[in-house]
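Next comes input21.txt, a file with compact mmCIF, C-alpha atoms.
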```txt
# COMPACT_ATOMS: atom_id res chain seq x y z
CA MET U 2 0.00 0.00 0.00
CA GLY U 3 1.58 3.23 -1.16
CA PRO U 4 1.23 6.69 0.37
CA ASP U 5 -1.61 7.38 -2.09
CA HIS U 6 -3.72 4.68 -0.46
CA TRP U 7 -3.48 6.31 2.97
CA GLU U 8 -3.99 9.77 1.54
CA ARG U 9 -7.13 8.63 -0.30
CA ARG U 10 -8.45 6.78 2.75
CA ARG U 11 -7.92 9.77 5.00
CA GLN U 12 -9.57 12.08 2.47
CA GLU U 13 -12.55 9.79 2.05
CA PHE U 14 -12.96 9.39 5.81
CA GLU U 15 -12.81 13.14 6.20
CA GLU U 16 -15.49 13.72 3.56
CA THR U 17 -17.75 10.81 4.48
CA ALA U 18 -17.47 10.35 8.22
CA LEU U 19 -15.86 13.36 9.87
CA VAL U 20 -18.45 15.68 8.33
CA HIS U 21 -20.88 14.17 10.88
CA MET U 22 -18.69 15.08 13.86
CA GLN U 23 -21.09 17.71 15.09
CA ARG U 24 -24.14 15.43 15.13
CA ILE U 25 -22.31 12.52 16.67
CA TYR U 26 -20.94 14.79 19.36
CA SER U 27 -24.38 16.24 20.11
CA VAL U 28 -25.94 12.82 20.45
CA ALA U 29 -23.02 11.55 22.57
CA LEU U 30 -23.51 14.54 24.83
CA ARG U 31 -27.20 13.79 25.31
CA LEU U 32 -26.63 10.10 25.89
CA THR U 33 -23.97 10.44 28.53
CA ARG U 34 -24.11 12.31 31.76
CA ASN U 35 -21.10 14.55 31.40
CA LYS U 36 -18.80 16.09 28.83
CA SER U 37 -15.83 13.92 29.61
CA GLU U 38 -17.86 10.73 29.02
CA ALA U 39 -19.32 12.25 25.86
CA GLU U 40 -15.85 13.07 24.53
CA ASP U 41 -14.65 9.52 25.17
CA LEU U 42 -17.70 8.06 23.46
CA PHE U 43 -17.31 10.47 20.54
CA GLN U 44 -13.65 9.56 20.09
CA GLU U 45 -14.23 5.83 20.43
CA THR U 46 -16.97 5.98 17.80
CA PHE U 47 -14.74 7.64 15.21
CA LEU U 48 -11.72 5.46 15.96
CA ARG U 49 -13.81 2.34 15.46
CA ALA U 50 -15.33 3.83 12.32
CA TYR U 51 -11.85 4.51 10.96
CA ARG U 52 -10.63 1.03 11.85
CA PHE U 53 -13.60 -0.59 10.12
CA PHE U 54 -13.97 1.96 7.36
CA ASP U 55 -13.38 -0.75 4.77
CA GLN U 56 -16.60 -2.37 5.96
CA PHE U 57 -18.68 0.73 5.30
CA ARG U 58 -20.83 0.18 2.22
CA ARG U 59 -20.12 3.10 -0.09
CA GLY U 60 -23.20 4.93 -1.22
CA THR U 61 -25.17 4.14 1.94
CA ASP U 62 -25.91 6.58 4.75
CA CYS U 63 -22.71 7.10 6.71
CA ARG U 64 -24.48 9.02 9.47
CA ALA U 65 -26.68 5.97 10.22
CA TRP U 66 -23.57 3.75 10.18
CA LEU U 67 -21.84 6.06 12.64
CA PHE U 68 -24.92 6.11 14.87
CA ALA U 69 -24.94 2.31 14.86
CA ILE U 70 -21.30 2.30 16.01
CA LEU U 71 -22.06 4.96 18.61
CA HIS U 72 -24.99 2.88 19.87
CA ASN U 73 -22.80 -0.17 20.21
CA CYS U 74 -20.01 1.73 22.00
CA PHE U 75 -22.59 3.27 24.32
CA VAL U 76 -24.13 -0.11 25.22
CA ASN U 77 -20.69 -1.67 25.76
CA ARG U 78 -19.65 1.19 28.01
CA LEU U 79 -22.78 0.82 30.08
CA ARG U 80 -22.11 -2.84 30.54
CA GLN U 81 -18.46 -2.26 31.38
CA THR U 82 -19.12 0.40 33.95
CA THR U 83 -21.64 -1.60 35.94
CA ALA U 84 -20.55 -4.35 38.26
CA GLN U 85 -23.19 -6.72 36.95
CA ALA U 86 -24.71 -7.07 33.54
CA VAL U 87 -26.94 -4.08 33.02
CA ASP U 88 -30.60 -4.89 33.11
CA PHE U 89 -31.02 -3.24 29.78
CA ASP U 90 -34.72 -3.91 29.96
CA GLU U 91 -35.13 -1.55 32.88
CA GLU U 92 -37.56 0.37 30.69
CA ARG U 93 -40.26 -2.01 31.88
CA VAL U 94 -40.68 0.34 34.83
CA TYR U 95 -42.32 2.67 32.38
CA ARG U 96 -44.67 0.17 30.86
CA GLU U 97 -47.73 1.23 32.83
CA GLY U 98 -50.13 3.34 30.90
CA GLY U 99 -49.43 1.83 27.51
CA LEU U 100 -50.33 3.28 24.19
CA GLY U 101 -53.74 4.68 23.62
CA SER U 102 -54.49 7.04 26.47
CA VAL U 103 -55.32 10.53 25.25
CA PRO U 104 -52.95 13.03 26.85
CA SER U 105 -55.00 15.77 28.38
CA LYS U 106 -54.39 19.32 27.32
CA ASN U 107 -51.64 20.32 29.70
CA PRO U 108 -49.31 23.13 30.59
CA GLU U 109 -46.23 21.22 29.37
CA VAL U 110 -45.38 23.71 26.70
CA SER U 111 -45.10 26.62 29.07
CA LEU U 112 -43.37 24.30 31.51
CA ILE U 113 -40.59 23.43 29.08
CA TYR U 114 -40.08 27.09 28.26
CA ARG U 115 -39.68 27.84 31.96
CA LEU U 116 -37.09 25.14 32.56
CA ALA U 117 -33.42 25.63 31.81
CA GLY U 118 -31.55 23.55 29.23
CA GLU U 119 -29.60 21.90 32.06
CA ASP U 120 -32.83 20.64 33.66
CA ILE U 121 -33.88 19.10 30.37
CA GLN U 122 -30.47 17.54 29.87
CA ARG U 123 -30.66 16.15 33.42
CA ALA U 124 -34.09 14.66 32.73
CA ILE U 125 -32.85 13.06 29.50
CA ALA U 126 -29.77 11.66 31.22
CA ALA U 127 -32.02 10.11 33.87
CA LEU U 128 -33.98 8.08 31.30
CA PRO U 129 -33.20 4.36 31.04
CA PRO U 130 -30.57 3.87 28.30
CA LYS U 131 -32.84 2.28 25.70
CA LEU U 132 -35.47 4.97 26.04
CA ARG U 133 -32.83 7.71 26.18
CA LEU U 134 -31.32 6.58 22.89
CA VAL U 135 -34.56 6.63 20.90
CA VAL U 136 -35.68 9.96 22.38
CA VAL U 137 -32.33 11.57 21.55
CA LEU U 138 -32.25 10.13 18.02
CA ALA U 139 -35.87 10.99 17.23
CA ASP U 140 -36.47 14.27 19.04
CA LEU U 141 -33.06 15.85 18.94
CA ASP U 142 -31.54 14.41 15.81
CA GLY U 143 -34.71 13.95 13.78
CA CYS U 144 -34.04 10.33 12.80
CA SER U 145 -36.96 8.38 11.32
CA TYR U 146 -38.41 5.29 13.03
CA ARG U 147 -36.84 3.10 10.38
CA GLU U 148 -33.41 4.67 10.84
CA ILE U 149 -33.61 4.20 14.61
CA ALA U 150 -34.74 0.60 14.15
CA GLU U 151 -31.67 -0.06 11.99
CA ILE U 152 -29.35 1.67 14.44
CA CYS U 153 -30.75 -0.19 17.46
CA ARG U 154 -31.38 -3.41 15.51
CA CYS U 155 -34.94 -3.77 16.68
CA PRO U 156 -38.36 -3.71 15.00
CA VAL U 157 -40.03 -0.39 14.15
CA GLY U 158 -42.86 -1.26 16.58
CA THR U 159 -40.34 -1.48 19.41
CA VAL U 160 -38.93 1.92 18.45
CA MET U 161 -42.43 3.39 18.59
CA SER U 162 -43.25 1.99 22.00
CA ARG U 163 -39.86 2.99 23.44
CA LEU U 164 -40.28 6.46 22.05
CA TYR U 165 -43.71 6.77 23.56
CA ARG U 166 -42.52 5.58 26.96
CA GLY U 167 -39.38 7.71 26.75
CA ARG U 168 -41.34 10.86 26.03
CA GLN U 169 -43.81 10.12 28.79
CA ALA U 170 -41.01 9.51 31.26
CA LEU U 171 -39.30 12.71 30.17
CA ARG U 172 -42.47 14.72 30.69
CA ASP U 173 -43.01 13.17 34.10
CA ALA U 174 -39.46 14.11 35.09
CA LEU U 175 -39.86 17.65 33.78
CA ARG U 176 -43.12 18.07 35.67
CA GLY U 177 -41.26 16.96 38.79
CA TYR U 178 -38.51 19.55 38.25
CA SER U 179 -41.08 22.24 37.64
CA ARG U 180 -42.96 21.38 40.84
CA SER U 181 -39.78 21.42 42.93
CA GLU U 182 -38.81 24.74 41.36
CA GLU U 183 -42.18 26.23 42.25
CA THR U 184 -41.92 24.89 45.80
CA SER U 185 -38.47 26.39 46.27
CA LYS U 186 -39.72 29.75 44.91
CA GLY U 187 -42.67 29.60 47.30
CA ASN U 188 -40.34 29.06 50.23
CA GLU U 189 -38.23 32.08 49.39
CA MET O 9 -62.10 7.71 13.52
CA THR O 10 -62.78 8.19 17.25
CA CYS O 11 -60.59 10.14 19.68
CA THR O 12 -59.38 6.87 21.22
CA GLN O 13 -58.40 5.53 17.81
CA PHE O 14 -56.69 8.82 17.02
CA ALA O 15 -54.60 8.57 20.20
CA LYS O 16 -52.93 5.45 18.81
CA TYR O 17 -51.68 7.44 15.84
CA LEU O 18 -50.81 10.65 17.66
CA GLN O 19 -47.07 10.00 18.00
CA ALA O 20 -46.59 8.68 14.49
CA TYR O 21 -48.70 11.51 13.08
CA CYS O 22 -46.63 14.19 14.79
CA ASP O 23 -43.43 12.41 13.76
CA GLY O 24 -44.59 12.38 10.12
CA GLU O 25 -44.43 8.59 10.05
CA LEU O 26 -47.96 7.70 8.95
CA ASP O 27 -48.67 6.48 5.45
CA VAL O 28 -50.71 8.79 3.27
CA SER O 29 -54.09 7.07 3.65
CA LYS O 30 -53.83 6.96 7.45
CA MET O 31 -52.65 10.54 7.53
CA LEU O 32 -55.72 11.63 5.55
CA GLU O 33 -57.95 9.76 8.01
CA VAL O 34 -56.28 11.54 10.92
CA ASP O 35 -56.54 14.89 9.15
CA ALA O 36 -60.25 14.34 8.65
CA HIS O 37 -60.67 13.57 12.35
CA LEU O 38 -58.67 16.62 13.40
CA GLU O 39 -60.79 18.80 11.16
CA ALA O 40 -63.83 17.85 13.16
CA CYS O 41 -62.29 17.55 16.64
CA PRO O 42 -60.88 20.66 18.33
CA GLY O 43 -59.82 18.62 21.40
CA CYS O 44 -57.48 16.38 19.41
CA ARG O 45 -56.28 19.37 17.38
CA GLY O 46 -55.19 20.94 20.66
CA THR O 47 -53.39 17.74 21.64
CA VAL O 48 -51.46 17.74 18.36
CA GLU O 49 -50.57 21.39 18.88
CA VAL O 50 -49.26 20.69 22.39
CA GLU O 51 -47.32 17.66 21.15
CA ARG O 52 -45.67 19.55 18.31
CA THR O 53 -44.86 22.62 20.34
CA PHE O 54 -43.37 20.43 23.06
CA ARG O 55 -41.00 18.83 20.56
CA ASP O 56 -40.06 22.15 19.00
CA ALA O 57 -39.40 23.61 22.43
CA LEU O 58 -37.30 20.58 23.38
CA ARG O 59 -35.18 20.98 20.26
CA GLY O 60 -34.93 24.71 20.84
CA LYS O 61 -33.71 24.24 24.40
CA LEU O 62 -31.13 21.66 23.45
CA ARG O 63 -29.36 23.18 20.50
CA PRO O 64 -26.48 21.15 19.10
CA GLU O 65 -23.29 22.00 20.95
CA PRO O 66 -20.29 22.66 18.73
CA VAL O 67 -17.41 20.23 19.00
CA ALA O 68 -14.85 22.05 21.11
CA PRO O 69 -11.51 22.58 19.32
CA HIS O 70 -9.64 20.53 21.93
CA VAL O 71 -12.08 17.59 21.46
CA GLU O 72 -11.62 17.67 17.71
CA GLY O 73 -7.86 18.02 18.23
CA HIS O 74 -7.76 14.91 20.44
CA LEU O 75 -9.77 12.96 17.89
CA ARG O 76 -7.54 14.00 15.01
CA SER O 77 -4.34 13.09 16.82
CA ALA O 78 -5.84 9.72 17.87
CA LEU O 79 -6.79 9.10 14.23
CA ALA O 80 -3.31 10.03 13.05
CA LYS O 81 -1.82 7.62 15.60
CA LEU O 82 -4.15 4.86 14.48
CA GLU O 83 -3.29 5.47 10.84
CA ASP O 84 0.38 5.35 11.72
CA GLU O 85 -0.08 1.98 13.44
CA GLU O 86 -1.98 0.65 10.43
CA ARG O 87 0.73 1.87 8.07
CA ARG O 88 3.38 0.14 10.13
CA SER O 89 1.44 -3.10 10.32
CA SER O 90 0.85 -3.02 6.56
CA ARG O 91 4.63 -2.76 6.01
CA ARG O 92 5.34 -5.60 8.41
CA PRO O 93 4.30 -8.40 6.03
CA ILE O 94 7.53 -8.09 4.04
CA TYR O 95 9.41 -9.20 7.13
CA GLY O 96 6.56 -11.18 8.64
CA ARG O 97 5.84 -13.15 5.51
CA TRP O 98 9.35 -14.67 5.49
CA THR O 99 9.25 -15.35 9.20
CA TRP O 100 5.98 -17.13 8.81
CA ALA O 101 7.11 -18.96 5.71
CA VAL O 102 10.16 -20.24 7.57
CA ALA O 103 8.08 -21.12 10.62
CA ALA O 104 5.53 -22.91 8.47
CA SER O 105 8.24 -24.85 6.64
CA VAL O 106 9.74 -25.93 9.96
CA ILE O 107 6.32 -27.04 11.19
CA LEU O 108 5.68 -28.92 7.97
CA LEU O 109 9.09 -30.58 8.15
CA VAL O 110 8.53 -31.64 11.74
CA VAL O 111 5.04 -32.81 10.91
CA GLY O 112 6.30 -34.65 7.87
CA ALA O 113 8.92 -36.36 9.98
CA LEU O 114 6.28 -37.30 12.55
CA LEU O 115 4.12 -38.63 9.76
CA VAL O 116 6.87 -40.93 8.61
CA ILE O 117 8.01 -41.93 12.05
CA ARG O 118 4.81 -42.11 14.08
CA PRO O 119 1.79 -41.63 11.85
CA SER O 120 -0.64 -43.19 14.31
CA GLU O 121 -0.05 -40.46 16.90
CA ARG O 122 -0.99 -37.67 14.48
CA GLN O 123 -4.16 -39.00 12.96
CA PRO O 124 -6.62 -39.14 15.86
CA THR O 125 -6.21 -35.51 17.01
CA THR O 126 -6.79 -33.67 13.74
CA GLN O 127 -9.31 -36.18 12.57
CA ALA O 128 -11.30 -35.88 15.75
CA ILE O 129 -11.21 -32.13 16.30
CA LEU O 130 -12.27 -30.88 12.88
CA PRO O 131 -15.44 -33.00 12.67
CA ALA O 132 -16.21 -32.07 16.28
CA LEU O 133 -15.92 -28.36 15.43
CA VAL O 134 -18.22 -28.76 12.44
CA ARG O 135 -20.66 -30.83 14.47
CA GLU O 136 -20.82 -28.24 17.23
CA HIS O 137 -21.17 -25.43 14.71
CA LEU O 138 -24.08 -27.19 13.01
CA ARG O 139 -25.74 -27.81 16.37
CA SER O 140 -25.63 -24.06 16.97
CA ALA O 141 -26.78 -23.23 13.44
CA ARG O 142 -29.72 -25.63 13.68
CA LEU O 143 -30.58 -24.36 17.16
CA GLU O 144 -30.11 -27.88 18.52
CA ALA O 145 -27.78 -26.47 21.15
CA PRO O 146 -28.82 -22.97 22.23
CA VAL O 147 -26.27 -20.55 23.63
CA GLU O 148 -25.92 -20.73 27.40
CA LEU O 149 -25.30 -17.00 27.66
CA LYS O 150 -27.43 -14.94 25.33
CA SER O 151 -25.71 -11.61 24.87
CA GLY O 152 -24.70 -9.17 22.15
CA SER O 153 -21.86 -7.78 24.23
CA ALA O 154 -18.41 -9.17 23.43
CA GLN O 155 -17.08 -8.11 26.85
CA GLN O 156 -19.93 -9.79 28.64
CA VAL O 157 -19.46 -13.06 26.74
CA ALA O 158 -15.68 -13.00 27.33
CA PHE O 159 -16.29 -12.35 31.02
CA TRP O 160 -18.76 -15.22 31.20
CA PHE O 161 -16.13 -17.65 29.87
CA ARG O 162 -13.73 -16.74 32.68
CA GLY O 163 -12.88 -19.76 34.78
CA LYS O 164 -14.86 -22.07 32.51
CA ILE O 165 -12.23 -22.90 29.90
CA GLY O 166 -8.97 -22.59 31.81
CA HIS O 167 -7.76 -19.73 29.58
CA ALA O 168 -9.00 -16.23 28.85
CA VAL O 169 -11.12 -16.29 25.72
CA PHE O 170 -10.95 -13.32 23.39
CA VAL O 171 -14.38 -12.52 21.95
CA PRO O 172 -14.20 -10.08 19.03
CA ASP O 173 -16.88 -7.54 18.31
CA TYR O 174 -17.88 -7.85 14.66
CA ASP O 175 -20.75 -5.43 14.98
CA PRO O 176 -19.41 -2.79 12.59
CA MET O 177 -19.18 -5.52 9.93
CA GLY O 178 -22.85 -6.33 10.35
CA VAL O 179 -22.07 -9.61 12.14
CA GLN O 180 -24.22 -9.91 15.22
CA LEU O 181 -23.03 -11.67 18.37
CA LEU O 182 -25.65 -14.06 19.74
CA GLY O 183 -23.85 -15.47 22.77
CA GLY O 184 -21.68 -18.32 23.94
CA ARG O 185 -21.66 -21.85 25.32
CA VAL O 186 -19.10 -24.28 26.64
CA ILE O 187 -18.49 -27.45 24.65
CA GLN O 188 -16.43 -30.60 25.09
CA LEU O 189 -13.67 -30.97 22.53
CA GLU O 190 -11.51 -34.06 22.68
CA GLY O 191 -12.24 -34.35 26.39
CA THR O 192 -11.37 -30.72 27.19
CA ARG O 193 -13.60 -27.74 27.64
CA ALA O 194 -13.73 -25.23 24.80
CA ALA O 195 -15.50 -21.96 24.14
CA SER O 196 -18.09 -21.71 21.40
CA VAL O 197 -19.08 -18.16 20.45
CA VAL O 198 -22.00 -17.85 18.08
CA TYR O 199 -22.56 -15.02 15.59
CA ARG O 200 -25.10 -14.35 12.89
CA LYS O 201 -24.57 -12.59 9.59
CA GLY O 202 -27.86 -12.28 7.74
CA GLY O 203 -29.22 -15.81 7.52
CA ASN O 204 -25.83 -17.45 8.19
CA VAL O 205 -24.41 -18.56 11.48
CA LEU O 206 -20.71 -18.30 12.30
CA SER O 207 -19.07 -20.14 15.15
CA LEU O 208 -15.84 -19.03 16.74
CA PHE O 209 -14.23 -21.72 18.87
CA GLY O 210 -11.44 -21.14 21.35
CA PHE O 211 -9.53 -24.02 22.89
CA ALA O 212 -6.11 -24.81 24.31
CA ALA O 213 -3.98 -26.23 21.50
CA THR O 214 -1.13 -25.39 19.15
CA PRO O 215 -0.91 -25.33 15.34
CA GLN O 216 0.96 -28.64 15.53
CA THR O 217 -2.32 -30.24 16.58
CA PHE O 218 -3.52 -29.55 13.06
CA ALA O 219 -0.49 -30.72 11.18
CA GLY O 220 -1.24 -31.57 7.61
CA LEU O 221 -3.66 -28.70 7.09
CA ARG O 222 -3.04 -26.10 4.43
CA PRO O 223 -1.12 -23.10 5.90
CA ILE O 224 -2.17 -19.74 4.46
CA GLU O 225 -0.59 -16.37 5.15
CA ARG O 226 -2.78 -13.25 5.18
CA ASP O 227 -2.02 -9.81 6.60
CA ALA O 228 1.19 -11.11 8.15
CA GLN O 229 -0.74 -13.76 10.04
CA MET O 230 -0.54 -17.50 9.53
CA PHE O 231 -3.76 -19.49 9.25
CA LEU O 232 -4.66 -23.09 8.72
CA ALA O 233 -7.62 -23.90 6.53
CA ALA O 234 -9.82 -26.92 5.96
CA GLU O 235 -13.18 -27.74 4.45
CA LEU O 236 -15.48 -30.38 5.82
CA SER O 237 -19.14 -31.23 5.14
CA GLY O 238 -19.56 -28.01 3.14
CA GLN O 239 -18.26 -25.89 6.04
CA GLN O 240 -15.09 -23.80 5.87
CA ILE O 241 -12.80 -23.92 8.89
CA LEU O 242 -10.18 -21.25 9.48
CA LEU O 243 -7.76 -21.74 12.36
CA TRP O 244 -5.13 -19.55 13.96
CA GLN O 245 -3.13 -19.29 17.13
CA ARG O 246 -3.27 -16.55 19.75
CA GLY O 247 -1.27 -17.08 22.91
CA GLU O 248 -1.93 -20.53 24.30
CA MET O 249 -5.19 -20.82 22.47
CA MET O 250 -6.20 -21.92 19.01
CA TYR O 251 -9.20 -20.20 17.50
CA ALA O 252 -11.36 -21.67 14.76
CA LEU O 253 -13.99 -19.90 12.71
CA VAL O 254 -16.48 -22.26 11.16
CA SER O 255 -19.19 -21.33 8.68
CA ASP O 256 -20.29 -21.72 5.10
CA ILE O 257 -20.22 -17.99 4.34
CA GLY O 258 -17.12 -18.27 2.13
CA TRP O 259 -13.41 -17.80 2.59
CA ASP O 260 -13.37 -14.05 1.96
CA ALA O 261 -15.88 -13.36 4.72
CA LEU O 262 -14.03 -15.70 7.08
CA PHE O 263 -10.72 -13.94 6.43
CA GLN O 264 -12.39 -10.58 7.00
CA CYS O 265 -13.60 -11.81 10.39
CA ALA O 266 -10.16 -13.16 11.20
CA ARG O 267 -8.58 -9.84 10.27
CA ALA O 268 -11.06 -7.99 12.47
CA PHE O 269 -10.21 -10.44 15.28
CA PHE O 270 -6.57 -9.33 15.24
CA GLU O 271 -7.42 -5.68 14.77
CA THR O 272 -9.72 -5.65 17.78
CA ALA O 273 -7.35 -7.79 19.82
CA ARG O 274 -4.60 -5.24 19.17
CA THR O 275 -6.58 -2.37 20.69
```
Would you kindly transcribe this structure into structure tokens?
Amino acid sequence: MGPDHWERRRQEFEETALVHMQRIYSVALRLTRNKSEAEDLFQETFLRAYRFFDQFRRGTDCRAWLFAILHNCFVNRLRQTTAQAVDFDEERVYREGGLGSVPSKNPEVSLIYRLAGEDIQRAIAALPPKLRLVVVLADLDGCSYREIAEICRCPVGTVMSRLYRGRQALRDALRGYSRSEETSKGNE
Amino acid sequence: MTCTQFAKYLQAYCDGELDVSKMLEVDAHLEACPGCRGTVEVERTFRDALRGKLRPEPVAPHVEGHLRSALAKLEDEERRSSRRPIYGRWTWAVAASVILLVVGALLVIRPSERQPTTQAILPALVREHLRSARLEAPVELKSGSAQQVAFWFRGKIGHAVFVPDYDPMGVQLLGGRVIQLEGTRAASVVYRKGGNVLSLFGFAATPQTFAGLRPIERDAQMFLAAELSGQQILLWQRGEMMYALVSDIGWDALFQCARAFFETART
């Protein structure tokens, strides 16, 4: 392999993968609980992408491929950092309610405007990993159900139910923050 | 469409994921139902507000700098390892010739001692692979995490088993189980690529165990290859262990997996 090979590879990686740095970083930041973790996850994703760049099917969506690697790194990190195998199905806690109940007209919109970005980030970080991932990909990155299903390797129906439960859990958490904020203001 | 039926489509409707006919049905309902219209409004505004509050953060220059220097380092390592074959190839060729000479000598002197081992292990590997592929023997640990599977094998085989992560290649890890191979315990790691199953076996042995097999050099690494009952078997040594990939997905795919094995093992 001559110098041209490495030059071409680097150039192609730059134009195909590194152009998505911003989005990968944003998602990593929302998935993890602090910047240092996000930076590690971000770096690991791109290093793995570079190592396996030959496996990337040219002409397909590189962003989705990078998200799939990010997802895998994220799951592996979770498993590594816990003493036992992570109960990755912890989302079952949120199964009550189910699909089909009509959300009442509520003050959530004004609530979210009142809360600071850090509160929202805190509420997202507190979601169970599987729910967090679909909420971040759908609501912050605008991925379609199908794209998320491919990234997470699960059926579209599963994406939909996780998304529903994730959003519900997020709203519950935000309502909680709002209530505690009001209480602390009342005490002042 | 009733309000209860509409509620089932609310999320998909707001996400723009409904097909056209369903979307028209929902539109017709919303036209006539101010309550549900309000719900859609709240839902959409909530999402917009969420996005607005969490704007994408720019990648800090020091983060990008760290990434770029790590990439440069990785490229440097890859360049060096791609140059190594010129030296490595000869080393391996010499090593392989020595092995073949020794094996040849053993063949002439004591043929009976060689036959049983190779002849027993290869069919056993294929048999165990087919049991996994036909779901006759399910994995004992069902997991998609390479670390978790490797951890699970600890203390069960007598050696640390390296379990590669082939995820970026579209090869999904299904899990692992312990098998008996020639009276010793061995690791069987099961993967799936599309409709094909791949088995990676790890067991304590040396290349000499497989004397007589065709040695092949790829990417400065020596492999042994065999074909049995329509299954390809690719073997290599790492530390005190021999690893064998067994599948019918073709030699190219097997070599790709083997290459990824060494790449991941290096990091």
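Across the model, the gap from atom CA of Asp62 of chain U to atom CA of Phe269 of chain O is 25.4 Å.
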Check: which chain O residues lie within 9 Å of chain U using only C-alpha atoms, as a PDB file with C-alpha atoms, in the coordinates of the input:
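Writing done, so here's selection.pdb:
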```pdb
ATOM      1  CA  CYS O  11     -60.590  10.140  19.680  1.00  0.00           C
ATOM      2  CA  THR O  12     -59.380   6.870  21.220  1.00  0.00           C
ATOM      3  CA  GLN O  13     -58.400   5.530  17.810  1.00  0.00           C
ATOM      4  CA  PHE O  14     -56.690   8.820  17.020  1.00  0.00           C
ATOM      5  CA  ALA O  15     -54.600   8.570  20.200  1.00  0.00           C
ATOM      6  CA  LYS O  16     -52.930   5.450  18.810  1.00  0.00           C
ATOM      7  CA  TYR O  17     -51.680   7.440  15.840  1.00  0.00           C
ATOM      8  CA  LEU O  18     -50.810  10.650  17.660  1.00  0.00           C
ATOM      9  CA  GLN O  19     -47.070  10.000  18.000  1.00  0.00           C
ATOM     10  CA  ALA O  20     -46.590   8.680  14.490  1.00  0.00           C
ATOM     11  CA  ASP O  23     -43.430  12.410  13.760  1.00  0.00           C
ATOM     12  CA  GLY O  24     -44.590  12.380  10.120  1.00  0.00           C
ATOM     13  CA  GLU O  25     -44.430   8.590  10.050  1.00  0.00           C
ATOM     14  CA  GLY O  43     -59.820  18.620  21.400  1.00  0.00           C
ATOM     15  CA  CYS O  44     -57.480  16.380  19.410  1.00  0.00           C
ATOM     16  CA  GLY O  46     -55.190  20.940  20.660  1.00  0.00           C
ATOM     17  CA  THR O  47     -53.390  17.740  21.640  1.00  0.00           C
ATOM     18  CA  VAL O  50     -49.260  20.690  22.390  1.00  0.00           C
ATOM     19  CA  GLU O  51     -47.320  17.660  21.150  1.00  0.00           C
ATOM     20  CA  THR O  53     -44.860  22.620  20.340  1.00  0.00           C
ATOM     21  CA  PHE O  54     -43.370  20.430  23.060  1.00  0.00           C
ATOM     22  CA  ARG O  55     -41.000  18.830  20.560  1.00  0.00           C
ATOM     23  CA  ASP O  56     -40.060  22.150  19.000  1.00  0.00           C
ATOM     24  CA  ALA O  57     -39.400  23.610  22.430  1.00  0.00           C
ATOM     25  CA  LEU O  58     -37.300  20.580  23.380  1.00  0.00           C
ATOM     26  CA  ARG O  59     -35.180  20.980  20.260  1.00  0.00           C
ATOM     27  CA  LYS O  61     -33.710  24.240  24.400  1.00  0.00           C
ATOM     28  CA  LEU O  62     -31.130  21.660  23.450  1.00  0.00           C
ATOM     29  CA  ARG O  63     -29.360  23.180  20.500  1.00  0.00           C
ATOM     30  CA  PRO O  64     -26.480  21.150  19.100  1.00  0.00           C
ATOM     31  CA  GLU O  65     -23.290  22.000  20.950  1.00  0.00           C
ATOM     32  CA  PRO O  66     -20.290  22.660  18.730  1.00  0.00           C
ATOM     33  CA  VAL O  67     -17.410  20.230  19.000  1.00  0.00           C
ATOM     34  CA  VAL O  71     -12.080  17.590  21.460  1.00  0.00           C
ATOM     35  CA  GLU O  72     -11.620  17.670  17.710  1.00  0.00           C
ATOM     36  CA  HIS O  74      -7.760  14.910  20.440  1.00  0.00           C
ATOM     37  CA  LEU O  75      -9.770  12.960  17.890  1.00  0.00           C
ATOM     38  CA  ALA O  78      -5.840   9.720  17.870  1.00  0.00           C
ATOM     39  CA  LEU O  79      -6.790   9.100  14.230  1.00  0.00           C
ATOM     40  CA  LEU O  82      -4.150   4.860  14.480  1.00  0.00           C
ATOM     41  CA  GLU O  83      -3.290   5.470  10.840  1.00  0.00           C
ATOM     42  CA  GLU O  86      -1.980   0.650  10.430  1.00  0.00           C
ATOM     43  CA  ARG O  87       0.730   1.870   8.070  1.00  0.00           C
ATOM     44  CA  SER O  90       0.850  -3.020   6.560  1.00  0.00           C
ATOM     45  CA  ARG O  91       4.630  -2.760   6.010  1.00  0.00           C
ATOM     46  CA  SER O 153     -21.860  -7.780  24.230  1.00  0.00           C
ATOM     47  CA  ALA O 154     -18.410  -9.170  23.430  1.00  0.00           C
ATOM     48  CA  GLN O 155     -17.080  -8.110  26.850  1.00  0.00           C
ATOM     49  CA  GLN O 156     -19.930  -9.790  28.640  1.00  0.00           C
ATOM     50  CA  ASP O 175     -20.750  -5.430  14.980  1.00  0.00           C
ATOM     51  CA  PRO O 176     -19.410  -2.790  12.590  1.00  0.00           C
ATOM     52  CA  MET O 177     -19.180  -5.520   9.930  1.00  0.00           C
ATOM     53  CA  GLY O 178     -22.850  -6.330  10.350  1.00  0.00           C
ATOM     54  CA  ALA O 268     -11.060  -7.990  12.470  1.00  0.00           C
ATOM     55  CA  GLU O 271      -7.420  -5.680  14.770  1.00  0.00           C
ATOM     56  CA  THR O 272      -9.720  -5.650  17.780  1.00  0.00           C
TER      57      THR O 272
END
```
May I have the residues within 10 Å of segment 127-136 of chain O as a PyMOL selection string, using only C-alpha atoms and disregarding those fewer than 3 positions away in the same chain? chain O and resi 122-124+139-142+144-145+187-190+196+207-209+217-218+234-241+252-255
Write out as an MDAnalysis selection string each polymer residue whose atoms come within 12 Å of Glu33 of chain O, counting all atoms listed in the file; drop sequence neighbours fewer than 4 positions from it. chainID O and resid 9:11 13:14 17 21 26:29 37:40
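With atom CA of Ala212 of chain O on one side and atom CA of Arg185 of chain O on the other, the separation reads 15.9 Å.
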